[in-house]
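Q: Input final-v6.cif, format and content: mmCIF, C-alpha atoms and all ligand atoms.
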data_final
#
loop_
_atom_site.label_atom_id
_atom_site.label_comp_id
_atom_site.auth_asym_id
_atom_site.auth_seq_id
_atom_site.Cartn_x
_atom_site.Cartn_y
_atom_site.Cartn_z
CA VAL F 236 141.08 146.35 146.51
CA THR F 237 143.92 148.60 147.69
CA GLY F 238 143.24 151.17 145.04
CA ALA F 239 144.25 148.79 142.28
CA ARG F 240 140.93 148.99 140.57
CA GLY F 241 138.13 151.53 140.34
CA ARG F 242 135.01 150.81 142.30
CA LEU F 243 132.18 149.77 140.07
CA GLU F 244 129.16 151.93 140.48
CA PHE F 245 126.48 149.39 139.84
CA ALA F 246 124.62 146.97 142.05
CA ARG F 247 125.99 143.44 141.96
CA SER F 248 123.41 140.73 141.67
CA ARG F 249 123.38 136.95 141.31
CA GLY F 250 126.31 134.70 140.45
CA SER F 251 128.88 135.05 137.75
CA VAL F 252 128.09 133.79 134.29
CA GLN F 253 131.36 131.87 134.46
CA GLU F 254 130.17 129.58 137.27
CA MET F 255 129.89 126.20 135.66
CA GLY F 256 131.20 122.66 135.82
CA PRO F 257 130.29 120.36 138.70
CA THR F 258 133.14 118.39 140.21
CA ASN F 259 132.77 114.65 139.82
CA VAL F 260 134.57 111.64 141.19
CA SER F 261 136.87 111.11 138.21
CA THR F 262 137.95 114.77 138.31
CA ALA F 263 138.72 114.39 142.01
CA ALA F 264 140.73 111.21 141.34
CA LYS F 265 142.69 112.94 138.56
CA CYS F 266 143.41 115.82 140.92
CA SER F 267 144.87 113.57 143.59
CA ILE F 268 147.04 111.74 141.04
CA LYS F 269 148.24 115.13 139.75
CA LYS F 270 149.03 116.29 143.28
CA ALA F 271 150.93 113.09 144.07
CA LEU F 272 153.02 113.44 140.88
CA VAL F 273 153.73 117.11 141.56
CA HIS F 274 154.87 116.37 145.10
CA SER F 275 156.98 113.37 144.08
CA HIS F 276 158.99 115.59 141.66
CA ALA F 277 158.66 112.74 139.13
CA LEU F 278 157.77 115.21 136.40
CA ARG F 279 160.84 117.31 137.09
CA TRP F 280 163.07 114.26 136.69
CA ALA F 281 161.33 113.19 133.51
CA ARG F 282 161.75 116.68 132.08
CA ARG F 283 165.54 116.48 132.30
CA PHE F 284 165.50 114.18 129.29
CA ALA F 285 163.16 116.36 127.21
CA PRO F 286 164.52 118.65 124.42
CA ALA F 287 165.13 122.39 125.10
CA CYS F 288 161.96 124.41 125.34
CA VAL F 289 160.37 127.42 127.00
CA ALA F 290 156.99 127.58 128.70
CA ILE F 291 155.36 130.93 127.93
CA LEU F 292 152.82 131.64 130.66
CA MET F 293 149.63 133.57 129.90
CA TYR F 294 148.26 135.89 132.58
CA HIS F 295 145.64 138.62 132.31
CA SER F 296 144.66 140.40 135.52
CA VAL F 297 146.14 140.17 139.04
CA LEU F 298 143.87 141.50 141.79
CA GLU F 299 144.04 141.69 145.56
CA GLU F 300 140.43 140.46 145.70
CA PRO F 301 139.41 138.99 142.32
CA GLU F 302 136.05 137.81 143.70
CA LEU F 303 134.90 141.44 143.90
CA TYR F 304 135.29 141.75 140.14
CA ALA F 305 134.11 138.32 139.01
CA ASP F 306 130.90 139.76 137.49
CA LEU F 307 132.97 141.95 135.21
CA MET F 308 136.24 140.09 134.69
CA GLY F 309 135.09 136.47 135.03
CA ARG F 310 136.85 133.90 137.15
CA GLU F 311 139.17 132.56 134.47
CA THR F 312 141.16 135.67 133.70
CA SER F 313 141.98 137.05 137.16
CA HIS F 314 144.59 135.75 139.58
CA SER F 315 144.64 136.69 143.23
CA ALA F 316 147.74 138.65 144.21
CA ALA F 317 148.60 135.97 146.80
CA VAL F 318 148.52 133.09 144.29
CA PHE F 319 150.37 135.16 141.70
CA ARG F 320 153.12 135.91 144.22
CA GLN F 321 153.42 132.20 145.09
CA GLN F 322 153.70 131.28 141.40
CA MET F 323 156.34 133.96 140.73
CA GLU F 324 158.36 132.88 143.79
CA VAL F 325 158.37 129.31 142.45
CA ILE F 326 159.52 130.59 139.04
CA ALA F 327 162.33 132.59 140.64
CA ARG F 328 163.44 129.62 142.76
CA HIS F 329 162.86 126.54 140.59
CA PHE F 330 162.74 127.78 137.00
CA THR F 331 164.72 130.23 134.85
CA PRO F 332 162.71 133.31 133.85
CA ILE F 333 163.80 134.59 130.44
CA ALA F 334 162.93 137.59 128.24
CA LEU F 335 161.32 137.63 124.80
CA ALA F 336 164.66 138.58 123.22
CA ASP F 337 166.09 135.26 124.51
CA VAL F 338 163.21 133.33 122.95
CA LEU F 339 163.74 135.05 119.60
CA LEU F 340 167.49 134.30 119.65
CA PHE F 341 166.71 130.68 120.53
CA LEU F 342 164.28 130.37 117.61
CA ARG F 343 166.90 131.84 115.26
CA GLY F 344 169.39 129.24 116.48
CA GLU F 345 171.65 131.91 117.95
CA ARG F 346 171.25 130.98 121.60
CA THR F 347 170.49 127.90 123.66
CA LEU F 348 167.87 127.95 126.37
CA PRO F 349 168.62 127.53 130.06
CA ALA F 350 167.03 124.58 131.84
CA ARG F 351 163.42 125.14 132.96
CA ALA F 352 163.03 128.28 130.86
CA VAL F 353 159.83 130.20 131.55
CA MET F 354 158.53 133.48 130.13
CA VAL F 355 155.73 135.51 131.73
CA THR F 356 153.16 137.37 129.60
CA PHE F 357 150.05 139.44 130.28
CA ASP F 358 147.21 140.11 127.86
CA ASP F 359 144.77 143.03 127.61
CA GLY F 360 146.63 145.83 129.46
CA TYR F 361 144.84 145.92 132.82
CA ARG F 362 145.98 148.61 135.20
CA ASP F 363 146.57 146.02 137.93
CA ASN F 364 149.53 144.75 135.88
CA VAL F 365 151.33 147.94 136.89
CA GLN F 366 149.94 148.29 140.39
CA VAL F 367 149.83 144.69 141.66
CA ALA F 368 151.88 142.43 139.35
CA ALA F 369 154.86 144.67 138.53
CA PRO F 370 156.08 145.10 142.14
CA VAL F 371 156.12 141.30 142.54
CA LEU F 372 157.92 140.79 139.20
CA ASN F 373 160.44 143.55 139.91
CA GLY F 374 161.18 142.27 143.41
CA LEU F 375 162.00 138.83 142.02
CA GLY F 376 163.78 140.02 138.87
CA ILE F 377 161.30 138.43 136.46
CA PRO F 378 160.91 140.19 133.08
CA ALA F 379 157.43 140.13 131.53
CA VAL F 380 155.81 140.90 128.19
CA ILE F 381 152.64 142.99 128.47
CA TYR F 382 150.38 143.00 125.41
CA LEU F 383 148.22 146.13 125.33
CA THR F 384 144.80 146.67 123.77
CA ALA F 385 145.69 149.93 122.04
CA GLY F 386 142.14 151.29 121.70
CA LEU F 387 141.49 151.06 125.46
CA MET F 388 144.74 152.59 126.69
CA GLY F 389 144.24 155.60 128.91
CA THR F 390 140.44 155.43 128.71
CA CYS F 391 137.78 154.72 131.32
CA GLU F 392 136.17 152.21 128.97
CA VAL F 393 135.38 148.65 129.97
CA PRO F 394 136.38 146.00 127.38
CA TRP F 395 133.38 144.86 125.33
CA TYR F 396 133.64 141.21 126.44
CA CYS F 397 133.49 142.34 130.09
CA ARG F 398 130.40 144.45 129.33
CA VAL F 399 128.68 141.44 127.77
CA ARG F 400 129.50 139.24 130.80
CA ARG F 401 128.36 141.90 133.21
CA ALA F 402 125.12 142.66 131.28
CA PHE F 403 124.01 139.03 131.63
CA THR F 404 125.08 138.91 135.28
CA ALA F 405 123.46 142.17 136.36
CA THR F 406 120.17 141.97 134.46
CA ARG F 407 116.90 141.34 136.25
CA ALA F 408 115.32 140.01 133.05
CA ASN F 409 114.19 136.37 133.04
CA PHE F 410 114.78 135.86 129.35
CA TRP F 411 116.60 137.46 126.43
CA ARG F 412 115.38 137.58 122.84
CA GLU F 413 118.31 137.14 120.49
CA PRO F 414 117.86 140.00 117.97
CA VAL F 415 119.09 138.36 114.72
CA ARG F 416 117.36 134.96 114.76
CA GLY F 417 114.69 135.89 117.27
CA ASP F 418 115.43 132.92 119.56
CA SER F 419 114.40 133.24 123.19
CA TRP F 420 116.98 132.44 125.86
CA GLY F 421 116.03 131.78 129.49
CA LEU F 422 118.18 133.52 132.09
CA GLN F 423 117.16 131.63 135.22
CA SER F 424 120.45 130.03 136.22
CA SER F 425 124.05 131.11 135.92
CA ALA F 426 124.52 128.34 133.32
CA ASP F 427 121.62 129.81 131.26
CA ARG F 428 123.25 133.22 131.43
CA ALA F 429 126.63 131.80 130.40
CA ARG F 430 125.08 130.14 127.35
CA ALA F 431 123.33 133.35 126.30
CA ALA F 432 126.50 135.40 126.86
CA GLN F 433 128.41 132.94 124.66
CA VAL F 434 126.02 133.70 121.77
CA VAL F 435 126.88 137.40 122.03
CA TRP F 436 130.62 136.81 122.54
CA ASN F 437 130.66 134.65 119.40
CA ARG F 438 128.79 137.26 117.35
CA CYS F 439 130.89 140.20 118.58
CA SER F 440 134.19 138.37 118.03
CA ALA F 441 133.58 138.32 114.27
CA GLN F 442 132.12 141.83 113.93
CA SER F 443 133.81 145.07 112.93
CA SER F 444 134.44 147.42 115.85
CA GLY F 445 131.52 149.66 114.83
CA GLU F 446 129.05 146.78 114.59
CA ARG F 447 130.31 145.41 117.92
CA CYS F 448 129.71 148.73 119.70
CA ASP F 449 126.09 148.69 118.49
CA THR F 450 125.61 145.04 119.49
CA VAL F 451 126.84 145.66 123.06
CA ARG F 452 124.87 148.88 123.47
CA ASN F 453 121.67 147.22 122.20
CA LEU F 454 122.27 144.22 124.47
CA GLU F 455 122.53 146.41 127.57
CA GLU F 456 119.37 148.24 126.50
CA ASP F 457 117.45 144.98 125.88
CA LEU F 458 118.52 143.61 129.27
CA GLY F 459 117.73 146.87 131.09
CA VAL F 460 121.31 147.33 132.28
CA GLN F 461 123.16 150.64 132.38
CA PRO F 462 126.66 150.65 130.82
CA PRO F 463 129.25 150.19 133.59
CA THR F 464 130.94 153.30 134.92
CA LEU F 465 134.22 153.23 136.77
CA SER F 466 135.59 155.73 139.24
CA GLU F 467 139.10 154.60 138.31
CA PRO F 468 140.21 153.19 134.96
CA LEU F 469 140.35 149.44 134.48
CA MET F 470 143.02 149.69 131.81
CA MET F 471 146.45 151.25 132.25
CA SER F 472 147.35 154.75 131.12
CA TRP F 473 150.05 155.60 128.62
CA SER F 474 152.36 156.86 131.38
CA GLU F 475 151.84 153.62 133.35
CA ALA F 476 152.74 151.61 130.24
CA ARG F 477 155.85 153.75 129.72
CA SER F 478 156.82 153.10 133.36
CA LEU F 479 156.58 149.32 132.76
CA HIS F 480 158.93 149.74 129.81
CA ARG F 481 161.38 151.73 131.96
CA MET F 482 161.27 148.91 134.54
CA GLY F 483 162.60 146.59 131.82
CA HIS F 484 159.39 144.87 130.75
CA GLN F 485 158.58 144.39 127.07
CA LEU F 486 155.43 145.93 125.59
CA GLY F 487 153.51 144.44 122.68
CA SER F 488 150.18 144.82 120.91
CA HIS F 489 146.98 142.91 121.66
CA SER F 490 145.09 144.59 118.79
CA LEU F 491 143.07 147.78 118.75
CA THR F 492 139.59 146.55 119.81
CA HIS F 493 140.07 142.86 120.76
CA PRO F 494 138.24 140.94 118.00
CA ASN F 495 139.01 137.40 116.81
CA LEU F 496 141.42 138.11 113.93
CA ALA F 497 140.66 134.80 112.22
CA HIS F 498 136.94 135.62 111.98
CA VAL F 499 136.80 139.32 111.06
CA SER F 500 137.27 140.48 107.44
CA GLU F 501 140.80 140.68 106.04
CA ALA F 502 140.63 144.49 105.96
CA GLU F 503 139.52 144.57 109.60
CA ALA F 504 142.27 142.13 110.69
CA ARG F 505 144.91 144.16 108.86
CA TRP F 506 143.66 147.37 110.47
CA GLU F 507 143.75 145.83 113.97
CA LEU F 508 147.35 144.67 113.45
CA MET F 509 148.69 147.82 111.80
CA GLU F 510 146.75 150.57 113.54
CA SER F 511 147.36 149.16 117.04
CA LYS F 512 151.08 149.10 116.24
CA ARG F 513 150.98 152.69 115.02
CA VAL F 514 148.96 153.97 118.01
CA LEU F 515 151.19 152.17 120.53
CA GLU F 516 154.41 153.31 118.88
CA SER F 517 153.35 156.95 118.66
CA ASN F 518 152.17 157.07 122.30
CA LEU F 519 154.95 155.00 123.83
CA GLY F 520 157.84 156.27 121.72
CA ILE F 521 159.16 152.73 121.19
CA SER F 522 159.14 150.19 118.40
CA VAL F 523 156.33 147.61 118.85
CA GLU F 524 157.27 144.31 117.22
CA HIS F 525 155.37 141.71 119.22
CA PHE F 526 151.71 140.71 119.14
CA SER F 527 149.26 138.56 121.08
CA TYR F 528 146.26 137.27 119.12
CA PRO F 529 143.08 138.12 121.09
CA HIS F 530 140.80 135.18 121.84
CA PRO F 531 137.49 136.62 123.08
CA ALA F 532 135.45 133.71 121.65
CA LEU F 533 135.26 131.38 118.59
CA ASN F 534 137.97 129.00 117.45
CA PRO F 535 140.53 129.20 116.06
CA ASN F 536 141.82 132.70 116.94
CA TRP F 537 144.53 132.72 114.26
CA ASN F 538 145.10 131.06 110.89
CA VAL F 539 147.38 131.24 107.85
CA ARG F 540 145.92 134.61 106.89
CA THR F 541 146.61 135.99 110.39
CA LEU F 542 150.24 134.89 110.18
CA ARG F 543 150.66 136.54 106.77
CA LEU F 544 149.04 139.79 107.93
CA SER F 545 151.14 139.86 111.11
CA GLN F 546 154.30 139.49 109.06
CA GLU F 547 153.17 142.19 106.64
CA ALA F 548 152.45 144.51 109.58
CA GLY F 549 156.06 144.09 110.73
CA TYR F 550 155.72 141.90 113.83
CA GLN F 551 158.64 139.66 114.75
CA THR F 552 156.80 137.41 117.18
CA ALA F 553 153.21 136.67 118.12
CA VAL F 554 151.72 134.47 120.84
CA THR F 555 148.63 132.27 120.61
CA THR F 556 146.44 130.55 123.21
CA VAL F 557 147.41 127.04 122.05
CA SER F 558 148.63 125.11 125.12
CA ARG F 559 152.11 123.82 124.39
CA VAL F 560 155.69 124.73 125.18
CA VAL F 561 157.81 126.39 122.49
CA ARG F 562 160.59 124.26 121.01
CA ALA F 563 163.26 124.84 118.34
CA GLY F 564 161.72 125.22 114.90
CA ALA F 565 158.54 126.90 116.16
CA ASN F 566 157.07 129.67 114.00
CA PRO F 567 157.88 132.96 115.82
CA LEU F 568 154.46 134.29 114.73
CA ALA F 569 152.58 131.38 116.35
CA LEU F 570 154.16 130.84 119.77
CA CYS F 571 152.13 128.60 122.08
CA ARG F 572 151.44 129.51 125.70
CA ILE F 573 150.59 127.70 128.91
CA ARG F 574 147.73 128.57 131.27
CA PRO F 575 149.26 129.10 134.68
CA GLY F 576 146.36 127.55 136.61
CA ARG F 577 144.36 128.83 139.54
CA SER F 578 146.57 127.52 142.34
CA LEU F 579 150.20 126.65 143.01
CA SER F 580 149.71 122.89 142.52
CA GLU F 581 147.77 123.44 139.28
CA PHE F 582 150.56 125.77 138.13
CA LEU F 583 153.26 123.15 138.85
CA TRP F 584 151.23 120.49 137.09
CA ASN F 585 150.58 122.63 133.99
CA VAL F 586 154.20 123.75 133.61
CA ASP F 587 155.87 120.42 134.40
CA TYR F 588 153.41 118.41 132.32
CA SER F 589 153.75 120.78 129.35
CA PHE F 590 157.54 120.45 129.48
CA LEU F 591 156.98 116.79 128.68
CA GLY F 592 155.34 117.87 125.43
CA ARG F 593 151.74 117.50 126.57
CA ALA F 594 148.88 119.91 126.02
CA VAL F 595 147.39 121.12 129.31
ZN ZN I 601 142.69 139.45 125.52
#
Translate this structure into structure tokens?

A:
Amino acid sequence: VTGARGRLEFARSRGSVQEMGPTNVSTAAKCSIKKALVHSHALRWARRFAPACVAILMYHSVLEEPELYADLMGRETSHSAAVFRQQMEVIARHFTPIALADVLLFLRGERTLPARAVMVTFDDGYRDNVQVAAPVLNGLGIPAVIYLTAGLMGTCEVPWYCRVRRAFTATRANFWREPVRGDSWGLQSSADRARAAQVVWNRCSAQSSGERCDTVRNLEEDLGVQPPTLSEPLMMSWSEARSLHRMGHQLGSHSLTHPNLAHVSEAEARWELMESKRVLESNLGISVEHFSYPHPALNPNWNVRTLRLSQEAGYQTAVTTVSRVVRAGANPLALCRIRPGRSLSEFLWNVDYSFLGRAV
């Protein structure tokens, strides 16, 4: 893992809880149609007639060997360094990478957007953003926005949603008794484990940070799993974050403890927005005016109340996980983002298709 990530000191067992979804014939047919369209450049031609917009890409973790960390990170949130490099090279060559300041000026009507405008963002604040992603971005001159989970910065803690995933992956238990309703959940297959983990993710997403700590600790105890320990931190340090800022990347907040802001109490949501801003600003020595709404589980992950609280907390922009491009007239506190896909062809499909105004 080239020192990008601390070695996990626990035995890995069984498959990831994220392993789901058999491939069927219609999915295969759709894939070949997608590939044919991508290679024919038909989408790129069609896009020339679409109104000005920017595709904001949503990344999380970039690892040399993501498979080694699938039990902890899941397969959806990590990109391999090789695929990430390919995607960034395509952005540098065939698109126009822009900064958040450009997006804000565009939304205020003070600047037009270049053709094929793309903005790169990262959620959560993983240390690999500095060690693996930043050298690629810097080499290609691509500015990024990195949204940091303020409460995890500079700690050796593992995010709670990773602990839940890993507890259900590592346990040797055959079933789990859900503590509130008393339901019994089988843990035979990876799909069983994913369903049980979803129950806990949903509950934790709406809890206060104190309640969530207890839920995760009790879960690990019930499943007979030790809390994960890392020899190197998973999340970046304050000095690493400051170095990203010096490199020209923008830093924003991704809350204090990563709840779903639309499902926690109003007081809790306000605290997450305001206290994360205060903690980041005092440790980074910069003004933090941009936010990314966490989406650990449950839908939606933002609502009218979230927008009001974000504005009251003093944020100028905020990004969501809704899959659309951003066009003129968009609310700066509810900017949609595009999933970059797991491969180069999926990336090209997602970006080109979204430029046509489609959800991907
Ligand atoms: Zn997140």

Q: Out of F:Ile521, F:Ala502, F:Ala405, F:Leu458, which residue has the shortest atom-to-atom distance to Trp420 of chain F when counting all atoms listed in the file?

A: F:Leu458

Q: Would you mind listing the residues within 6 Å of ligand ZN 601 (chain I), counting all atoms listed in the file, as a PyMOL selection string?

A: chain F and resi 358-359+529-530

Q: Using only C-alpha atoms, which residue out of F:Val399, F:Met323, F:Val460, F:Leu591 lies closest to Arg562 of chain F?

A: F:Leu591

Q: Pick out the residues sitting within 12 Å of Gly576 of chain F, and hand them over as a ChimeraX atom specification; count all atoms listed in the file, and ignore anything fewer than 4 positions along from it in its own chain.

A: /F:292-295,310-315,318-319,321-322,558,580-586,595

Q: For segment 331-344 of chain F, work out the shell of residues within 9 Å, counting all atoms listed in the file and skipping chain neighbours fewer than 2 positions away, then give it as a ChimeraX atom specification.

A: /F:289,326-329,346-355,376-380,484-485,551-552,561-567

Q: If you keep C-alpha atoms, can you produce a file of those selected residues as a PDB file, keeping the file's coordinate frame?

A:
ATOM      1  CA  VAL F 289     160.370 127.420 127.000  1.00  0.00           C
ATOM      2  CA  ILE F 326     159.520 130.590 139.040  1.00  0.00           C
ATOM      3  CA  ALA F 327     162.330 132.590 140.640  1.00  0.00           C
ATOM      4  CA  ARG F 328     163.440 129.620 142.760  1.00  0.00           C
ATOM      5  CA  HIS F 329     162.860 126.540 140.590  1.00  0.00           C
ATOM      6  CA  ARG F 346     171.250 130.980 121.600  1.00  0.00           C
ATOM      7  CA  THR F 347     170.490 127.900 123.660  1.00  0.00           C
ATOM      8  CA  LEU F 348     167.870 127.950 126.370  1.00  0.00           C
ATOM      9  CA  PRO F 349     168.620 127.530 130.060  1.00  0.00           C
ATOM     10  CA  ALA F 350     167.030 124.580 131.840  1.00  0.00           C
ATOM     11  CA  ARG F 351     163.420 125.140 132.960  1.00  0.00           C
ATOM     12  CA  ALA F 352     163.030 128.280 130.860  1.00  0.00           C
ATOM     13  CA  VAL F 353     159.830 130.200 131.550  1.00  0.00           C
ATOM     14  CA  MET F 354     158.530 133.480 130.130  1.00  0.00           C
ATOM     15  CA  VAL F 355     155.730 135.510 131.730  1.00  0.00           C
ATOM     16  CA  GLY F 376     163.780 140.020 138.870  1.00  0.00           C
ATOM     17  CA  ILE F 377     161.300 138.430 136.460  1.00  0.00           C
ATOM     18  CA  PRO F 378     160.910 140.190 133.080  1.00  0.00           C
ATOM     19  CA  ALA F 379     157.430 140.130 131.530  1.00  0.00           C
ATOM     20  CA  VAL F 380     155.810 140.900 128.190  1.00  0.00           C
ATOM     21  CA  HIS F 484     159.390 144.870 130.750  1.00  0.00           C
ATOM     22  CA  GLN F 485     158.580 144.390 127.070  1.00  0.00           C
ATOM     23  CA  GLN F 551     158.640 139.660 114.750  1.00  0.00           C
ATOM     24  CA  THR F 552     156.800 137.410 117.180  1.00  0.00           C
ATOM     25  CA  VAL F 561     157.810 126.390 122.490  1.00  0.00           C
ATOM     26  CA  ARG F 562     160.590 124.260 121.010  1.00  0.00           C
ATOM     27  CA  ALA F 563     163.260 124.840 118.340  1.00  0.00           C
ATOM     28  CA  GLY F 564     161.720 125.220 114.900  1.00  0.00           C
ATOM     29  CA  ALA F 565     158.540 126.900 116.160  1.00  0.00           C
ATOM     30  CA  ASN F 566     157.070 129.670 114.000  1.00  0.00           C
ATOM     31  CA  PRO F 567     157.880 132.960 115.820  1.00  0.00           C
TER      32      PRO F 567
END

Q: Let me make sure I understand: among F:Glu467, F:Asp418, F:Asp427, F:Asp363, which one has the smallest atom-to-atom distance to Thr390 of chain F if we use only C-alpha atoms?

A: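 Between F:Glu467, F:Asp418, F:Asp427, F:Asp363, the residue approaching Thr390 of chain F most closely is F:Glu467.
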
Q: If we count all atoms listed in the file, what is near Asp457 of chain F at a cut-off of 10 Å, once residues fewer than 4 positions away on the same chain are taken out, given as a PyMOL selection string?

A: chain F and resi 402+406+408+411-414+451-453

Q: Go ahead and save the residues from that selection, with C-alpha atoms, as a PDB file, in the frame of the given file.

A:
ATOM      1  CA  ALA F 402     125.120 142.660 131.280  1.00  0.00           C
ATOM      2  CA  THR F 406     120.170 141.970 134.460  1.00  0.00           C
ATOM      3  CA  ALA F 408     115.320 140.010 133.050  1.00  0.00           C
ATOM      4  CA  TRP F 411     116.600 137.460 126.430  1.00  0.00           C
ATOM      5  CA  ARG F 412     115.380 137.580 122.840  1.00  0.00           C
ATOM      6  CA  GLU F 413     118.310 137.140 120.490  1.00  0.00           C
ATOM      7  CA  PRO F 414     117.860 140.000 117.970  1.00  0.00           C
ATOM      8  CA  VAL F 451     126.840 145.660 123.060  1.00  0.00           C
ATOM      9  CA  ARG F 452     124.870 148.880 123.470  1.00  0.00           C
ATOM     10  CA  ASN F 453     121.670 147.220 122.200  1.00  0.00           C
TER      11      ASN F 453
END

Q: Quick one: pull the distance between atom CA of Ala369 of chain F and atom CA of Pro468 of chain F, Å, one decimal.

A: 17.3 Å

Q: Find the residue from F:Leu375, F:Ala441, F:Phe526, F:Thr555 that sits nearest to Ser500 of chain F; use all atoms listed in the file when measuring.

A: F:Ala441

Q: Given all atoms listed in the file as the basis, pick out the residue of F:Gly386, F:Gly421, F:Pro301, F:Gly520 nearest to Arg577 of chain F.

A: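 So, comparing all the options, the nearest one is F:Pro301.
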
Q: So, with all atoms listed in the file as the atoms that count, which of F:Tyr396, F:Met388, F:Phe330, F:Pro575 lies closest to Gly360 of chain F?

A: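 Closest to Gly360 of chain F, using all atoms listed in the file: F:Met388.
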
Q: Please return as number ranges by chain every residue within 6 Å of (150.1, 148.6, 126.0), taking into account only C-alpha atoms and the file's own coordinates.

A: F: 360, 382-383, 476, 486

Q: Could you please determine the separation between atom CA of Glu510 of chain F and atom CA of Ala368 of chain F in Å, to one decimal place?

A: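 The value is 27.5 Å.
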
Q: What gap, in Å, lies between atom CA of Ile381 of chain F and atom CA of Phe357 of chain F?

A: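 Atom CA of Ile381 of chain F sits 4.8 Å away from atom CA of Phe357 of chain F.
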
Q: Residues within 7 Å of Gly592 of chain F, please, as a VMD selection string. Count all atoms listed in the file; anything in the same chain fewer than 3 positions from it doesn't count.

A: chain F and resid 559 to 560 589

Q: Got a sec: who's within 12 Å of Ser545 of chain F, counting only C-alpha atoms, leaving out chain neighbours fewer than 4 positions off, as a ChimeraX atom specification?

A: /F:488-490,496-497,501,504-512,524-528,537-541,549-554,567-569

Q: Build an axis-aligned box that encloses every atom of segment 352-355 of chain F listed in the file, pad it by 6 Å on each side, and report its centre and edge lengths in Å to one decimal, as JSON.

A:
{"center_x": 159.4, "center_y": 131.9, "center_z": 130.9, "size_x": 19.3, "size_y": 19.2, "size_z": 13.6}

Q: From the structure block, carefully write segment 468-479 of chain F out with N, CA and C atoms; format it as a PDB file, in the first residue's frame.

A:
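Produced file result-v8.pdb, reproduced below:
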ATOM      1  N   PRO F 468      -2.576   6.614  10.759  1.00  0.00           N
ATOM      2  CA  PRO F 468      -3.935   7.166  10.692  1.00  0.00           C
ATOM      3  C   PRO F 468      -4.567   6.990   9.310  1.00  0.00           C
ATOM      4  N   LEU F 469      -5.875   6.805   9.345  1.00  0.00           N
ATOM      5  CA  LEU F 469      -6.658   6.697   8.108  1.00  0.00           C
ATOM      6  C   LEU F 469      -6.986   8.097   7.568  1.00  0.00           C
ATOM      7  N   MET F 470      -7.178   9.017   8.518  1.00  0.00           N
ATOM      8  CA  MET F 470      -7.575  10.371   8.136  1.00  0.00           C
ATOM      9  C   MET F 470      -6.344  11.289   8.166  1.00  0.00           C
ATOM     10  N   MET F 471      -6.417  12.372   7.410  1.00  0.00           N
ATOM     11  CA  MET F 471      -5.235  13.243   7.315  1.00  0.00           C
ATOM     12  C   MET F 471      -5.042  14.076   8.589  1.00  0.00           C
ATOM     13  N   SER F 472      -3.814  14.525   8.769  1.00  0.00           N
ATOM     14  CA  SER F 472      -3.492  15.368   9.922  1.00  0.00           C
ATOM     15  C   SER F 472      -3.760  16.827   9.553  1.00  0.00           C
ATOM     16  N   TRP F 473      -3.704  17.678  10.564  1.00  0.00           N
ATOM     17  CA  TRP F 473      -3.896  19.113  10.297  1.00  0.00           C
ATOM     18  C   TRP F 473      -2.790  19.639   9.388  1.00  0.00           C
ATOM     19  N   SER F 474      -1.548  19.198   9.618  1.00  0.00           N
ATOM     20  CA  SER F 474      -0.455  19.738   8.778  1.00  0.00           C
ATOM     21  C   SER F 474      -0.592  19.237   7.337  1.00  0.00           C
ATOM     22  N   GLU F 475      -1.094  18.007   7.159  1.00  0.00           N
ATOM     23  CA  GLU F 475      -1.327  17.516   5.781  1.00  0.00           C
ATOM     24  C   GLU F 475      -2.424  18.338   5.095  1.00  0.00           C
ATOM     25  N   ALA F 476      -3.469  18.668   5.852  1.00  0.00           N
ATOM     26  CA  ALA F 476      -4.544  19.494   5.275  1.00  0.00           C
ATOM     27  C   ALA F 476      -4.009  20.879   4.905  1.00  0.00           C
ATOM     28  N   ARG F 477      -3.180  21.441   5.787  1.00  0.00           N
ATOM     29  CA  ARG F 477      -2.599  22.762   5.478  1.00  0.00           C
ATOM     30  C   ARG F 477      -1.725  22.685   4.223  1.00  0.00           C
ATOM     31  N   SER F 478      -1.032  21.534   4.055  1.00  0.00           N
ATOM     32  CA  SER F 478      -0.179  21.410   2.858  1.00  0.00           C
ATOM     33  C   SER F 478      -1.048  21.359   1.596  1.00  0.00           C
ATOM     34  N   LEU F 479      -2.207  20.718   1.661  1.00  0.00           N
ATOM     35  CA  LEU F 479      -3.116  20.700   0.499  1.00  0.00           C
ATOM     36  C   LEU F 479      -3.535  22.122   0.132  1.00  0.00           C
TER      37      LEU F 479
END
